[in-house]
>>> print(open('work.cif').read())   # mmCIF, C-alpha atoms
data_input
loop_
_atom_site.label_atom_id
_atom_site.label_comp_id
_atom_site.auth_asym_id
_atom_site.auth_seq_id
_atom_site.Cartn_x
_atom_site.Cartn_y
_atom_site.Cartn_z
CA MET A 1 59.42 198.78 154.22
CA LEU A 2 57.66 198.24 150.91
CA THR A 3 54.12 199.47 150.37
CA VAL A 4 52.77 196.57 148.38
CA LYS A 5 49.88 196.02 146.00
CA THR A 6 47.92 192.81 145.73
CA PRO A 7 48.34 190.91 142.45
CA ASP A 8 44.86 192.01 141.36
CA GLU A 9 45.67 195.64 142.16
CA ALA A 10 48.89 195.40 140.19
CA LEU A 11 47.04 194.02 137.15
CA GLN A 12 44.44 196.76 137.40
CA ILE A 13 47.15 199.42 137.38
CA ILE A 14 48.55 197.84 134.21
CA TYR A 15 45.20 197.99 132.43
CA ASP A 16 44.34 201.47 133.68
CA ARG A 17 47.70 203.03 132.93
CA PHE A 18 48.78 201.54 129.61
CA ALA A 19 46.68 201.46 126.43
CA PRO A 20 47.23 199.42 123.27
CA LEU A 21 50.06 200.71 121.11
CA ASP A 22 49.01 203.33 118.60
CA SER A 23 50.91 201.83 115.70
CA PRO A 24 49.82 201.02 112.14
CA ALA A 25 48.99 197.45 111.28
CA GLU A 26 51.48 195.22 109.49
CA ILE A 27 50.59 193.02 106.53
CA VAL A 28 52.35 189.66 106.74
CA ASP A 29 52.32 186.45 104.74
CA ILE A 30 50.50 183.64 106.55
CA ASN A 31 53.74 181.67 106.59
CA SER A 32 55.09 184.35 108.95
CA ALA A 33 51.85 184.94 110.85
CA HIS A 34 52.09 182.30 113.57
CA SER A 35 51.81 183.88 117.06
CA ARG A 36 50.93 187.27 115.58
CA THR A 37 47.84 189.15 116.79
CA LEU A 38 45.09 189.92 114.29
CA HIS A 39 44.40 193.62 113.72
CA GLY A 40 40.86 192.95 112.48
CA ASP A 41 38.27 190.21 111.98
CA ILE A 42 38.62 187.54 109.29
CA VAL A 43 35.33 186.94 107.46
CA ALA A 44 34.91 184.02 105.05
CA GLY A 45 34.29 184.92 101.43
CA GLU A 46 33.58 181.40 100.19
CA TYR A 47 32.37 177.93 101.12
CA VAL A 48 34.71 175.43 102.75
CA PRO A 49 34.63 172.85 101.36
CA GLY A 50 33.46 174.21 98.04
CA PHE A 51 31.76 170.97 96.99
CA ASP A 52 30.19 167.83 98.49
CA ARG A 53 33.05 165.43 99.32
CA SER A 54 33.40 161.78 100.22
CA THR A 55 35.08 160.99 103.53
CA VAL A 56 35.91 157.39 102.52
CA ASP A 57 37.01 155.32 99.56
CA GLY A 58 33.91 153.68 98.11
CA TYR A 59 30.87 154.31 95.96
CA ALA A 60 28.56 157.29 95.75
CA VAL A 61 24.97 156.07 95.93
CA ILE A 62 21.36 157.04 96.46
CA ALA A 63 20.91 155.87 100.06
CA ALA A 64 17.43 154.48 99.46
CA ASP A 65 18.88 151.98 96.97
CA THR A 66 20.86 150.32 99.79
CA PHE A 67 18.05 149.95 102.35
CA GLY A 68 17.63 146.34 103.50
CA SER A 69 20.94 145.19 102.05
CA SER A 70 23.05 142.62 103.90
CA ASP A 71 25.75 140.01 103.33
CA ALA A 72 23.03 137.50 102.51
CA ILE A 73 20.97 139.81 100.29
CA PRO A 74 23.21 142.55 98.85
CA ALA A 75 21.83 145.48 96.89
CA VAL A 76 23.16 145.17 93.34
CA LEU A 77 23.97 148.50 91.66
CA THR A 78 25.28 149.38 88.24
CA LEU A 79 28.68 151.11 88.20
CA THR A 80 28.32 154.06 85.83
CA GLY A 81 31.67 155.77 86.27
CA GLU A 82 34.50 156.97 88.49
CA VAL A 83 35.43 160.40 89.84
CA LEU A 84 39.18 160.92 89.75
CA MET A 85 40.80 162.98 92.53
CA GLY A 86 41.13 166.65 91.70
CA THR A 87 38.45 166.50 89.00
CA SER A 88 34.82 167.56 88.94
CA ALA A 89 32.13 164.87 88.93
CA GLU A 90 30.62 165.37 85.48
CA LEU A 91 28.02 162.71 86.23
CA THR A 92 24.46 162.50 87.48
CA LEU A 93 23.55 159.50 89.58
CA THR A 94 20.34 157.68 88.68
CA PRO A 95 18.43 155.11 90.79
CA ASN A 96 20.09 151.70 91.22
CA SER A 97 23.47 152.99 90.05
CA CYS A 98 26.70 154.01 91.75
CA VAL A 99 29.92 155.91 91.01
CA ALA A 100 33.37 155.07 92.37
CA VAL A 101 34.89 157.86 94.51
CA SER A 102 38.01 158.27 96.66
CA THR A 103 38.38 159.99 100.03
CA GLY A 104 38.00 163.71 99.43
CA GLY A 105 36.57 163.23 95.96
CA ASP A 106 33.72 165.27 94.43
CA LEU A 107 30.27 163.66 94.55
CA PRO A 108 28.11 163.36 91.44
CA ASP A 109 24.77 165.13 91.35
CA GLY A 110 22.00 162.95 92.77
CA ALA A 111 24.21 161.11 95.29
CA ASP A 112 23.27 161.50 98.94
CA ALA A 113 25.57 158.94 100.61
CA VAL A 114 28.76 156.96 100.11
CA VAL A 115 29.19 153.25 100.82
CA MET A 116 32.61 152.27 102.19
CA LEU A 117 34.63 150.02 99.88
CA GLU A 118 34.78 147.41 102.68
CA HIS A 119 30.99 147.03 102.51
CA THR A 120 30.87 146.24 98.80
CA GLU A 121 31.65 143.38 96.42
CA ASN A 122 32.69 143.79 92.80
CA TYR A 123 30.89 141.17 90.73
CA GLY A 124 32.45 142.25 87.44
CA ASP A 125 30.60 143.33 84.31
CA GLY A 126 29.91 146.72 85.99
CA LEU A 127 27.92 145.30 88.88
CA ILE A 128 28.64 146.27 92.52
CA GLY A 129 27.06 144.53 95.51
CA VAL A 130 26.36 146.60 98.63
CA THR A 131 26.34 144.48 101.79
CA SER A 132 25.49 147.16 104.39
CA PRO A 133 22.90 149.94 104.10
CA VAL A 134 23.73 153.65 104.44
CA SER A 135 21.54 156.56 105.39
CA PRO A 136 21.38 159.91 103.59
CA GLY A 137 24.46 161.93 104.48
CA ASN A 138 26.59 158.95 105.53
CA ASN A 139 30.31 159.40 104.73
CA ILE A 140 29.82 162.83 103.19
CA ILE A 141 31.07 166.30 104.04
CA PHE A 142 28.66 168.72 102.40
CA LYS A 143 29.55 172.01 100.73
CA GLY A 144 29.91 174.65 103.44
CA ASP A 145 29.92 172.16 106.34
CA ASP A 146 33.10 173.83 107.59
CA VAL A 147 32.58 177.47 106.57
CA THR A 148 29.94 179.48 104.73
CA PRO A 149 30.43 182.93 103.17
CA GLY A 150 29.93 185.80 105.62
CA THR A 151 30.94 183.74 108.67
CA ARG A 152 33.34 185.52 111.03
CA ILE A 153 36.10 182.94 111.36
CA LEU A 154 38.66 184.76 113.49
CA THR A 155 38.17 187.87 115.59
CA LYS A 156 40.32 190.91 116.18
CA GLY A 157 42.84 190.26 118.94
CA THR A 158 43.23 186.55 118.17
CA THR A 159 46.80 185.30 118.48
CA LEU A 160 47.21 183.06 115.47
CA LEU A 161 47.96 179.39 116.17
CA PRO A 162 48.78 176.64 113.65
CA HIS A 163 45.14 175.62 113.19
CA ASP A 164 44.23 179.27 112.48
CA ILE A 165 46.86 179.34 109.74
CA GLY A 166 45.22 176.21 108.35
CA ILE A 167 41.77 177.78 108.03
CA LEU A 168 43.27 180.91 106.48
CA SER A 169 44.88 178.67 103.87
CA ALA A 170 41.58 176.90 103.24
CA LEU A 171 39.94 180.27 102.62
CA GLY A 172 42.66 181.41 100.26
CA VAL A 173 43.76 184.16 102.65
CA VAL A 174 47.50 184.39 102.08
CA GLU A 175 48.15 187.71 103.83
CA VAL A 176 46.75 189.05 107.09
CA SER A 177 46.74 192.36 108.91
CA VAL A 178 48.40 192.01 112.31
CA ARG A 179 49.32 194.20 115.24
CA PRO A 180 52.99 195.20 115.47
CA ARG A 181 55.03 193.32 118.02
CA PRO A 182 56.04 195.39 121.05
CA ILE A 183 59.76 195.75 121.61
CA ILE A 184 61.02 194.79 125.05
CA GLY A 185 64.31 196.07 126.38
CA VAL A 186 66.07 193.68 128.79
CA ILE A 187 68.62 194.93 131.32
CA SER A 188 70.38 192.81 133.93
CA THR A 189 72.10 194.57 136.83
CA GLY A 190 74.72 193.38 139.27
CA ASP A 191 78.49 193.55 139.85
CA GLU A 192 78.52 189.78 140.30
CA LEU A 193 77.11 188.98 136.85
CA ILE A 194 79.11 187.67 133.92
CA ASP A 195 78.14 186.54 130.43
CA PRO A 196 76.78 182.95 130.27
CA ALA A 197 79.67 182.02 127.97
CA GLU A 198 82.25 182.91 130.63
CA THR A 199 83.49 180.74 133.49
CA PRO A 200 82.64 182.36 136.85
CA ASN A 201 85.20 182.94 139.56
CA ARG A 202 84.20 182.61 143.18
CA GLY A 203 81.61 185.28 143.93
CA GLN A 204 80.50 185.56 140.32
CA VAL A 205 77.40 184.09 138.67
CA ARG A 206 76.33 183.79 135.06
CA ASP A 207 73.59 186.13 133.87
CA VAL A 208 70.51 183.91 133.74
CA ASN A 209 67.87 186.61 133.52
CA THR A 210 68.75 188.19 130.18
CA PRO A 211 68.24 185.00 128.11
CA LEU A 212 65.43 183.81 130.41
CA LEU A 213 63.36 186.98 130.16
CA ALA A 214 64.13 187.42 126.47
CA ALA A 215 62.83 183.90 125.78
CA GLN A 216 59.66 184.61 127.74
CA ALA A 217 59.09 187.90 125.93
CA ARG A 218 59.48 186.27 122.52
CA LYS A 219 57.14 183.47 123.51
CA TYR A 220 54.52 186.05 124.50
CA GLY A 221 54.74 187.77 121.11
CA ALA A 222 57.32 190.52 121.61
CA GLU A 223 60.62 191.41 120.03
CA VAL A 224 63.63 191.80 122.30
CA LYS A 225 66.49 194.28 122.52
CA SER A 226 69.17 193.39 125.05
CA TYR A 227 71.18 196.09 126.81
CA GLY A 228 73.52 193.63 128.47
CA ILE A 229 74.83 193.61 132.02
CA ILE A 230 74.87 196.96 133.84
CA ARG A 231 77.00 197.37 136.94
CA ASP A 232 75.57 198.60 140.22
CA GLU A 233 76.26 202.24 139.45
CA GLU A 234 73.37 204.70 139.27
CA SER A 235 74.50 206.79 136.30
CA ALA A 236 75.21 203.68 134.20
CA LEU A 237 71.80 202.23 135.01
CA ARG A 238 70.06 205.54 134.34
CA GLY A 239 71.70 205.74 130.91
CA ALA A 240 70.64 202.21 129.99
CA VAL A 241 67.08 202.71 131.25
CA LEU A 242 66.62 206.02 129.42
CA ARG A 243 67.97 204.50 126.23
CA SER A 244 65.64 201.51 126.53
CA ALA A 245 62.67 203.75 127.33
CA SER A 246 63.33 205.75 124.17
CA GLU A 247 63.87 202.71 121.93
CA CYS A 248 61.47 200.11 123.36
CA ASP A 249 57.83 199.77 124.37
CA ILE A 250 58.55 197.93 127.66
CA THR A 251 61.69 197.79 129.75
CA LEU A 252 62.60 194.91 132.07
CA ILE A 253 65.31 195.53 134.65
CA SER A 254 66.25 192.53 136.76
CA GLY A 255 68.12 193.05 140.02
CA GLY A 256 68.22 196.16 142.19
CA SER A 257 64.52 196.01 143.11
CA SER A 258 64.84 195.15 146.80
CA ALA A 259 64.37 197.81 149.46
CA GLY A 260 68.00 197.63 150.59
CA THR A 261 70.78 200.15 150.46
CA ARG A 262 71.77 199.26 146.92
CA ASP A 263 68.29 199.89 145.53
CA LEU A 264 69.03 201.68 142.27
CA THR A 265 66.05 200.80 140.07
CA ALA A 266 63.46 202.70 142.10
CA ARG A 267 65.63 205.80 142.28
CA VAL A 268 66.34 205.76 138.55
CA ILE A 269 62.64 205.41 137.69
CA GLU A 270 61.62 208.15 140.11
CA SER A 271 64.29 210.50 138.77
CA ALA A 272 63.13 210.07 135.16
CA GLY A 273 59.42 209.34 135.50
CA GLU A 274 56.86 208.03 137.98
CA LEU A 275 57.01 205.07 140.34
CA LEU A 276 53.60 203.36 140.17
CA PHE A 277 54.26 200.78 142.86
CA HIS A 278 57.11 199.10 144.67
CA GLY A 279 56.11 195.69 145.92
CA ILE A 280 53.47 193.06 145.18
CA ALA A 281 52.00 190.86 147.92
CA MET A 282 53.25 187.66 146.33
CA LYS A 283 55.86 184.97 146.82
CA PRO A 284 58.20 184.86 145.02
CA GLY A 285 58.54 188.38 143.63
CA LYS A 286 57.51 190.71 146.45
CA PRO A 287 59.99 193.55 145.66
CA THR A 288 58.71 194.02 142.09
CA ILE A 289 58.60 197.59 140.76
CA LEU A 290 56.47 199.16 138.04
CA GLY A 291 57.17 202.65 136.78
CA ASP A 292 56.29 204.94 133.90
CA ILE A 293 58.87 206.86 131.89
CA GLY A 294 57.44 208.77 128.95
CA SER A 295 54.25 206.66 129.02
CA LYS A 296 56.40 203.53 128.72
CA PRO A 297 56.14 200.76 131.37
CA ILE A 298 59.40 200.14 133.21
CA TRP A 299 59.61 196.99 135.32
CA GLY A 300 62.05 196.39 138.13
CA LEU A 301 62.15 192.62 138.58
CA PRO A 302 63.80 190.65 141.36
CA GLY A 303 67.28 189.43 140.55
CA HIS A 304 66.45 185.86 141.56
CA PRO A 305 65.58 184.03 138.31
CA VAL A 306 62.53 182.10 139.56
CA ALA A 307 61.02 185.26 141.04
CA ALA A 308 61.73 187.19 137.82
CA TYR A 309 60.21 184.36 135.80
CA PHE A 310 56.97 184.32 137.79
CA VAL A 311 56.58 188.10 137.72
CA THR A 312 57.07 188.09 133.95
CA GLU A 313 54.54 185.26 133.55
CA LEU A 314 51.94 186.87 135.81
CA PHE A 315 52.27 190.56 134.94
CA VAL A 316 54.49 191.26 131.93
CA ARG A 317 52.63 188.72 129.83
CA PRO A 318 49.25 190.44 130.40
CA LEU A 319 50.94 193.78 129.71
CA ILE A 320 52.20 192.53 126.32
CA ALA A 321 48.66 191.37 125.52
CA ARG A 322 47.33 194.77 126.58
CA LEU A 323 49.74 196.64 124.32
CA THR A 324 48.99 194.43 121.30
CA GLY A 325 45.23 194.26 121.89
CA ALA A 326 45.52 190.49 122.09
CA LYS A 327 43.17 188.21 123.97
CA LEU A 328 44.97 186.71 126.93
CA ASN A 329 44.28 182.98 126.70
CA LEU A 330 45.31 181.28 129.92
CA ARG A 331 45.20 177.48 129.81
CA THR A 332 44.23 175.69 132.99
CA THR A 333 43.43 172.21 134.22
CA THR A 334 42.35 170.67 137.51
CA ALA A 335 44.39 168.14 139.44
CA GLN A 336 44.84 166.72 142.91
CA ILE A 337 47.79 167.96 144.91
CA SER A 338 50.17 165.17 145.86
CA GLU A 339 51.14 166.57 149.25
CA ALA A 340 50.00 169.09 151.81
CA ILE A 341 51.35 172.63 151.42
CA SER A 342 51.31 175.07 154.30
CA SER A 343 51.23 178.82 153.67
CA ASN A 344 50.78 181.69 156.07
CA HIS A 345 52.66 184.59 154.55
CA GLY A 346 49.91 187.13 153.93
CA ARG A 347 50.95 186.94 150.30
CA ALA A 348 49.68 185.04 147.29
CA GLU A 349 52.11 182.16 146.86
CA TYR A 350 52.92 180.73 143.44
CA ILE A 351 54.38 177.23 143.26
CA ALA A 352 55.53 175.40 140.15
CA VAL A 353 54.14 171.89 139.65
CA ILE A 354 54.78 168.83 137.53
CA LEU A 355 51.65 167.10 136.24
CA ASP A 356 51.44 163.31 136.28
CA GLY A 357 48.03 162.42 134.94
CA ASN A 358 45.52 163.93 137.37
CA THR A 359 48.13 164.55 140.07
CA ALA A 360 50.09 167.78 140.58
CA HIS A 361 53.47 167.46 142.29
CA PRO A 362 54.72 170.73 143.79
CA ILE A 363 58.33 171.68 143.09
CA ARG A 364 60.11 172.92 146.16
CA GLY A 365 62.88 175.43 145.64
CA LYS A 366 64.20 178.85 146.50
CA SER A 367 63.63 181.80 144.19
CA GLY A 368 67.31 181.99 143.29
CA LEU A 369 67.53 178.41 142.03
CA ILE A 370 66.44 178.30 138.39
CA ALA A 371 66.87 174.51 138.16
CA SER A 372 63.83 174.17 140.41
CA LEU A 373 61.69 174.99 137.37
CA ALA A 374 63.13 172.16 135.29
CA GLY A 375 60.33 169.99 133.96
CA ALA A 376 57.56 172.17 135.41
CA ASP A 377 54.28 172.11 133.50
CA GLY A 378 52.61 175.02 135.24
CA TYR A 379 51.91 176.53 138.61
CA ILE A 380 49.32 176.83 141.36
CA CYS A 381 48.40 179.80 143.48
CA ILE A 382 47.74 179.68 147.21
CA PRO A 383 45.66 182.78 148.01
CA ARG A 384 47.06 185.24 150.53
CA ASP A 385 44.22 184.56 152.99
CA SER A 386 44.75 180.77 152.91
CA GLU A 387 46.74 178.71 155.38
CA GLY A 388 47.60 176.13 152.75
CA ILE A 389 46.28 173.18 150.77
CA PRO A 390 45.62 169.70 152.21
CA LYS A 391 46.94 166.61 150.46
CA GLY A 392 44.54 165.32 147.83
CA ALA A 393 42.70 168.64 147.41
CA GLU A 394 41.54 169.50 143.90
CA ILE A 395 43.38 172.56 142.68
CA VAL A 396 43.56 174.64 139.50
CA VAL A 397 46.84 174.41 137.61
CA MET A 398 47.78 177.26 135.27
CA TYR A 399 50.00 176.15 132.40
CA PHE A 400 53.12 178.21 131.79
CA GLY A 401 52.90 180.59 128.79
#
>>> encode(input="work.cif", output="structure tokens")
Amino acid sequence: MLTVKTPDEALQIIYDRFAPLDSPAEIVDINSAHSRTLHGDIVAGEYVPGFDRSTVDGYAVIAADTFGSSDAIPAVLTLTGEVLMGTSAELTLTPNSCVAVSTGGDLPDGADAVVMLEHTENYGDGLIGVTSPVSPGNNIIFKGDDVTPGTRILTKGTTLLPHDIGILSALGVVEVSVRPRPIIGVISTGDELIDPAETPNRGQVRDVNTPLLAAQARKYGAEVKSYGIIRDEESALRGAVLRSASECDITLISGGSSAGTRDLTARVIESAGELLFHGIAMKPGKPTILGDIGSKPIWGLPGHPVAAYFVTELFVRPLIARLTGAKLNLRTTTAQISEAISSNHGRAEYIAVILDGNTAHPIRGKSGLIASLAGADGYICIPRDSEGIPKGAEIVVMYFG
């Protein structure tokens, strides 16, 4: 009989037991910085943009000169020049005059608005008619509208996304200090397992968990070291686990975590370190193990792929964030459940769903059937003290990774 922890208790053990990695920062080019975790804050050292810019093709004007203009009575302004893209506006606008500018172009001194080209008429001889008034600030991005010097743009622990790389580029930051990626060792156990490239005989199955868990780990910001398939033999598993514990920051062992007679993972962890818990009150994934060997977290995951996937999503992902000092950003949405779901297991139940607009369709499947996750957008949780969810109820959907 397993002595289980609740999901919240399991997460608390993770945060209490394992601290961020004590490793020096890495300096990387921003072209390699996507998904990396910032080691420190990024503070702007300049204005973005660095000059007043037009947001449209048209004419830079003094707004007051256009007041009262219309198709019937246009404001007639004198064209005094043009600002070419990529050049500085070496002009000063005077009353009743205008300067031609393109989208993104520098504004001449004295201009406080831009009239869209569509609202003008070119009369020739340097005369431009304005057929619609503009107010001060119309169609302009002012210097520093985006960023001003001294502004903290990105904070320590931010996992860099494409838009973050964009603002770094705008600031001229071409290298950033990031936290090192943790290394995750992946071990699959089972006499029935074969390499995915092989054709299984009756009684054999392809190893799903090694590529599955490796892909999850990389998505969460870790590097992966695979130790292949280990047979159900205690000395072989112990050797692989000890090697992974010495070479990696986290070890994932899938298979051998149930409380049956062939339970090897728990014995190996206990013989080399400390077993922190064996069992989480959840479905799927109840027989999950967490241990500590040499201050390194060692996970014993269920062999069933869906169960291993959920445990990695719910617990290994936060552990990776903990070790890197990253902020754990979980994306959620609300939706209505398309059908009633009953639950009376005394365990938190996690169910994958497909989102169709504002409707969440639960995916029914057993924990050993990986195809049941095909097309899933995220998952819902039925609390352990709940008897289920009625059809049409509004629920929170957590997006996968």
>>> resolve_selection(input="work.cif", expression="the PyMOL selection byres ((chain A and resi 205) around 8)", output="number ranges by chain")
A: 192-194, 200-201, 203-204, 206-207
>>> closest_atom_pairs(input="work.cif", of="segment 127-195 of chain A", to="segment 72-88 of chain A", cutoff="7 Å", atoms="all atoms listed in the file", output="Markdown table")
| residue | atom | partner | partner_atom | distance |
| --- | --- | --- | --- | --- |
| A:Leu127 | CA | A:Thr78 | CA | 4.9 |
| A:Ile128 | CA | A:Leu77 | CA | 5.2 |
| A:Gly129 | CA | A:Val76 | CA | 4.5 |
| A:Val130 | CA | A:Ala75 | CA | 5.0 |
| A:Thr131 | CA | A:Pro74 | CA | 4.7 |
>>> resolve_selection(input="work.cif", expression="the PyMOL selection byres ((chain A and resi 242-247) around 8)", output="short mmCIF file (atom, residue, chain, number, x, y, z; two decimals) with C-alpha atoms, keeping the file's coordinate frame")
data_model
loop_
_atom_site.label_atom_id
_atom_site.label_comp_id
_atom_site.auth_asym_id
_atom_site.auth_seq_id
_atom_site.Cartn_x
_atom_site.Cartn_y
_atom_site.Cartn_z
CA GLY A 185 64.31 196.07 126.38
CA TYR A 227 71.18 196.09 126.81
CA ARG A 238 70.06 205.54 134.34
CA GLY A 239 71.70 205.74 130.91
CA ALA A 240 70.64 202.21 129.99
CA VAL A 241 67.08 202.71 131.25
CA CYS A 248 61.47 200.11 123.36
CA ASP A 249 57.83 199.77 124.37
CA ILE A 250 58.55 197.93 127.66
CA THR A 251 61.69 197.79 129.75
CA ALA A 272 63.13 210.07 135.16
CA ILE A 293 58.87 206.86 131.89
CA GLY A 294 57.44 208.77 128.95
CA LYS A 296 56.40 203.53 128.72
CA ILE A 298 59.40 200.14 133.21
#
>>> residues_around(input="work.cif", residues="Leu355 of chain A", least_positions_apart="6", cutoff="9 Å", atoms="all atoms listed in the file", output="count of residues only")
7
>>> resolve_selection(input="work.cif", expression="the PyMOL selection byres ((chain A and resi 176) around 8)", output="list in words")
Ile27, Val28, Asp29, Ile30, Ala33, Leu38, Val173, Val174, Glu175, Ser177 and Val178 of chain A
>>> closest_residue(input="work.cif", among="A:Thr288, A:Thr199, A:Thr55, A:Thr210", to="Lys225 of chain A", atoms="all atoms listed in the file")
A:Thr210
>>> atom_distance(input="work.cif", atom1="atom CA of Val43 of chain A", atom2="atom CA of Pro318 of chain A")
27.1 Å
>>> closest_residue(input="work.cif", among="A:Ala308, A:Val48, A:Leu290, A:Cys381", to="Leu168 of chain A", atoms="all atoms listed in the file")
A:Val48
>>> atom_distance(input="work.cif", atom1="atom CA of Ile141 of chain A", atom2="atom CA of Pro49 of chain A")
7.9 Å
>>> atom_distance(input="work.cif", atom1="atom CA of Val101 of chain A", atom2="atom CA of Ser54 of chain A")
7.1 Å
>>> residues_around(input="work.cif", residues="Ile140 of chain A", least_positions_apart="5", cutoff="9 Å", atoms="all atoms listed in the file", output="list of chain:residue names")
A:Asp52, A:Arg53, A:Ser54, A:Thr55, A:Val56, A:Leu107, A:Asp112, A:Ala113, A:Val114
>>> residues_around(input="work.cif", residues="Asn344 of chain A", least_positions_apart="3", cutoff="9 Å", atoms="all atoms listed in the file", output="PyMOL selection string")
chain A and resi 347+384-388
>>> write_last_selection(input="work.cif", atoms="C-alpha atoms", output="tab-separated table (two decimals), in the coordinates of the input")
chain	number	residue	atom	x	y	z
A	347	ARG	CA	50.95	186.94	150.30
A	384	ARG	CA	47.06	185.24	150.53
A	385	ASP	CA	44.22	184.56	152.99
A	386	SER	CA	44.75	180.77	152.91
A	387	GLU	CA	46.74	178.71	155.38
A	388	GLY	CA	47.60	176.13	152.75
>>> residues_around(input="work.cif", residues="Asp41 of chain A", least_positions_apart="2", cutoff="12 Å", atoms="all atoms listed in the file", output="list in words")
Thr37, Leu38, His39, Val43, Ala44, Gly150, Thr151, Arg152, Ile153, Leu154, Thr155, Lys156, Gly157, Thr158, Thr159, Leu160, Leu168, Val176, Ser177 and Val178 of chain A
>>> residues_around(input="work.cif", residues="Tyr59 of chain A", least_positions_apart="5", cutoff="7 Å", atoms="all atoms listed in the file", output="MDAnalysis selection string")
chainID A and resid 98:101 114:117
>>> closest_residue(input="work.cif", among="A:Leu314, A:Ile165, A:Val353, A:Ile269", to="Arg36 of chain A", atoms="all atoms listed in the file")
A:Ile165
>>> build_atoms(input="work.cif", residues="segment 279-291 of chain A", atoms="N, CA, C and O atoms", output="PDB file, keeping the file's coordinate frame")
ATOM      1  N   GLY A 279      56.474 196.838 145.100  1.00  0.00           N
ATOM      2  CA  GLY A 279      56.110 195.690 145.920  1.00  0.00           C
ATOM      3  C   GLY A 279      54.756 195.115 145.544  1.00  0.00           C
ATOM      4  O   GLY A 279      53.783 195.851 145.352  1.00  0.00           O
ATOM      5  N   ILE A 280      54.715 193.793 145.413  1.00  0.00           N
ATOM      6  CA  ILE A 280      53.470 193.060 145.180  1.00  0.00           C
ATOM      7  C   ILE A 280      53.371 191.989 146.259  1.00  0.00           C
ATOM      8  O   ILE A 280      54.359 191.307 146.562  1.00  0.00           O
ATOM      9  N   ALA A 281      52.196 191.839 146.845  1.00  0.00           N
ATOM     10  CA  ALA A 281      52.000 190.860 147.920  1.00  0.00           C
ATOM     11  C   ALA A 281      51.956 189.456 147.321  1.00  0.00           C
ATOM     12  O   ALA A 281      50.899 188.835 147.187  1.00  0.00           O
ATOM     13  N   MET A 282      53.139 188.966 146.955  1.00  0.00           N
ATOM     14  CA  MET A 282      53.250 187.660 146.330  1.00  0.00           C
ATOM     15  C   MET A 282      54.577 187.027 146.728  1.00  0.00           C
ATOM     16  O   MET A 282      55.506 187.702 147.156  1.00  0.00           O
ATOM     17  N   LYS A 283      54.636 185.710 146.584  1.00  0.00           N
ATOM     18  CA  LYS A 283      55.860 184.970 146.820  1.00  0.00           C
ATOM     19  C   LYS A 283      55.982 183.907 145.726  1.00  0.00           C
ATOM     20  O   LYS A 283      55.049 183.130 145.539  1.00  0.00           O
ATOM     21  N   PRO A 284      57.085 183.923 144.962  1.00  0.00           N
ATOM     22  CA  PRO A 284      58.200 184.860 145.020  1.00  0.00           C
ATOM     23  C   PRO A 284      57.892 186.132 144.222  1.00  0.00           C
ATOM     24  O   PRO A 284      56.961 186.137 143.424  1.00  0.00           O
ATOM     25  N   GLY A 285      58.680 187.177 144.439  1.00  0.00           N
ATOM     26  CA  GLY A 285      58.540 188.380 143.630  1.00  0.00           C
ATOM     27  C   GLY A 285      58.061 189.602 144.363  1.00  0.00           C
ATOM     28  O   GLY A 285      57.702 190.598 143.727  1.00  0.00           O
ATOM     29  N   LYS A 286      58.055 189.591 145.689  1.00  0.00           N
ATOM     30  CA  LYS A 286      57.510 190.710 146.450  1.00  0.00           C
ATOM     31  C   LYS A 286      58.112 192.065 146.080  1.00  0.00           C
ATOM     32  O   LYS A 286      57.379 193.055 145.969  1.00  0.00           O
ATOM     33  N   PRO A 287      59.442 192.209 145.879  1.00  0.00           N
ATOM     34  CA  PRO A 287      59.990 193.550 145.660  1.00  0.00           C
ATOM     35  C   PRO A 287      59.840 194.108 144.248  1.00  0.00           C
ATOM     36  O   PRO A 287      60.544 195.041 143.864  1.00  0.00           O
ATOM     37  N   THR A 288      58.901 193.581 143.467  1.00  0.00           N
ATOM     38  CA  THR A 288      58.710 194.020 142.090  1.00  0.00           C
ATOM     39  C   THR A 288      58.315 195.493 142.006  1.00  0.00           C
ATOM     40  O   THR A 288      57.515 195.991 142.812  1.00  0.00           O
ATOM     41  N   ILE A 289      58.853 196.170 141.000  1.00  0.00           N
ATOM     42  CA  ILE A 289      58.600 197.590 140.760  1.00  0.00           C
ATOM     43  C   ILE A 289      57.912 197.762 139.413  1.00  0.00           C
ATOM     44  O   ILE A 289      58.233 197.065 138.447  1.00  0.00           O
ATOM     45  N   LEU A 290      56.983 198.704 139.335  1.00  0.00           N
ATOM     46  CA  LEU A 290      56.470 199.160 138.040  1.00  0.00           C
ATOM     47  C   LEU A 290      56.509 200.678 138.022  1.00  0.00           C
ATOM     48  O   LEU A 290      56.036 201.338 138.947  1.00  0.00           O
ATOM     49  N   GLY A 291      57.108 201.212 136.954  1.00  0.00           N
ATOM     50  CA  GLY A 291      57.170 202.650 136.780  1.00  0.00           C
ATOM     51  C   GLY A 291      56.737 203.055 135.392  1.00  0.00           C
ATOM     52  O   GLY A 291      56.443 202.217 134.530  1.00  0.00           O
TER      53      GLY A 291
END
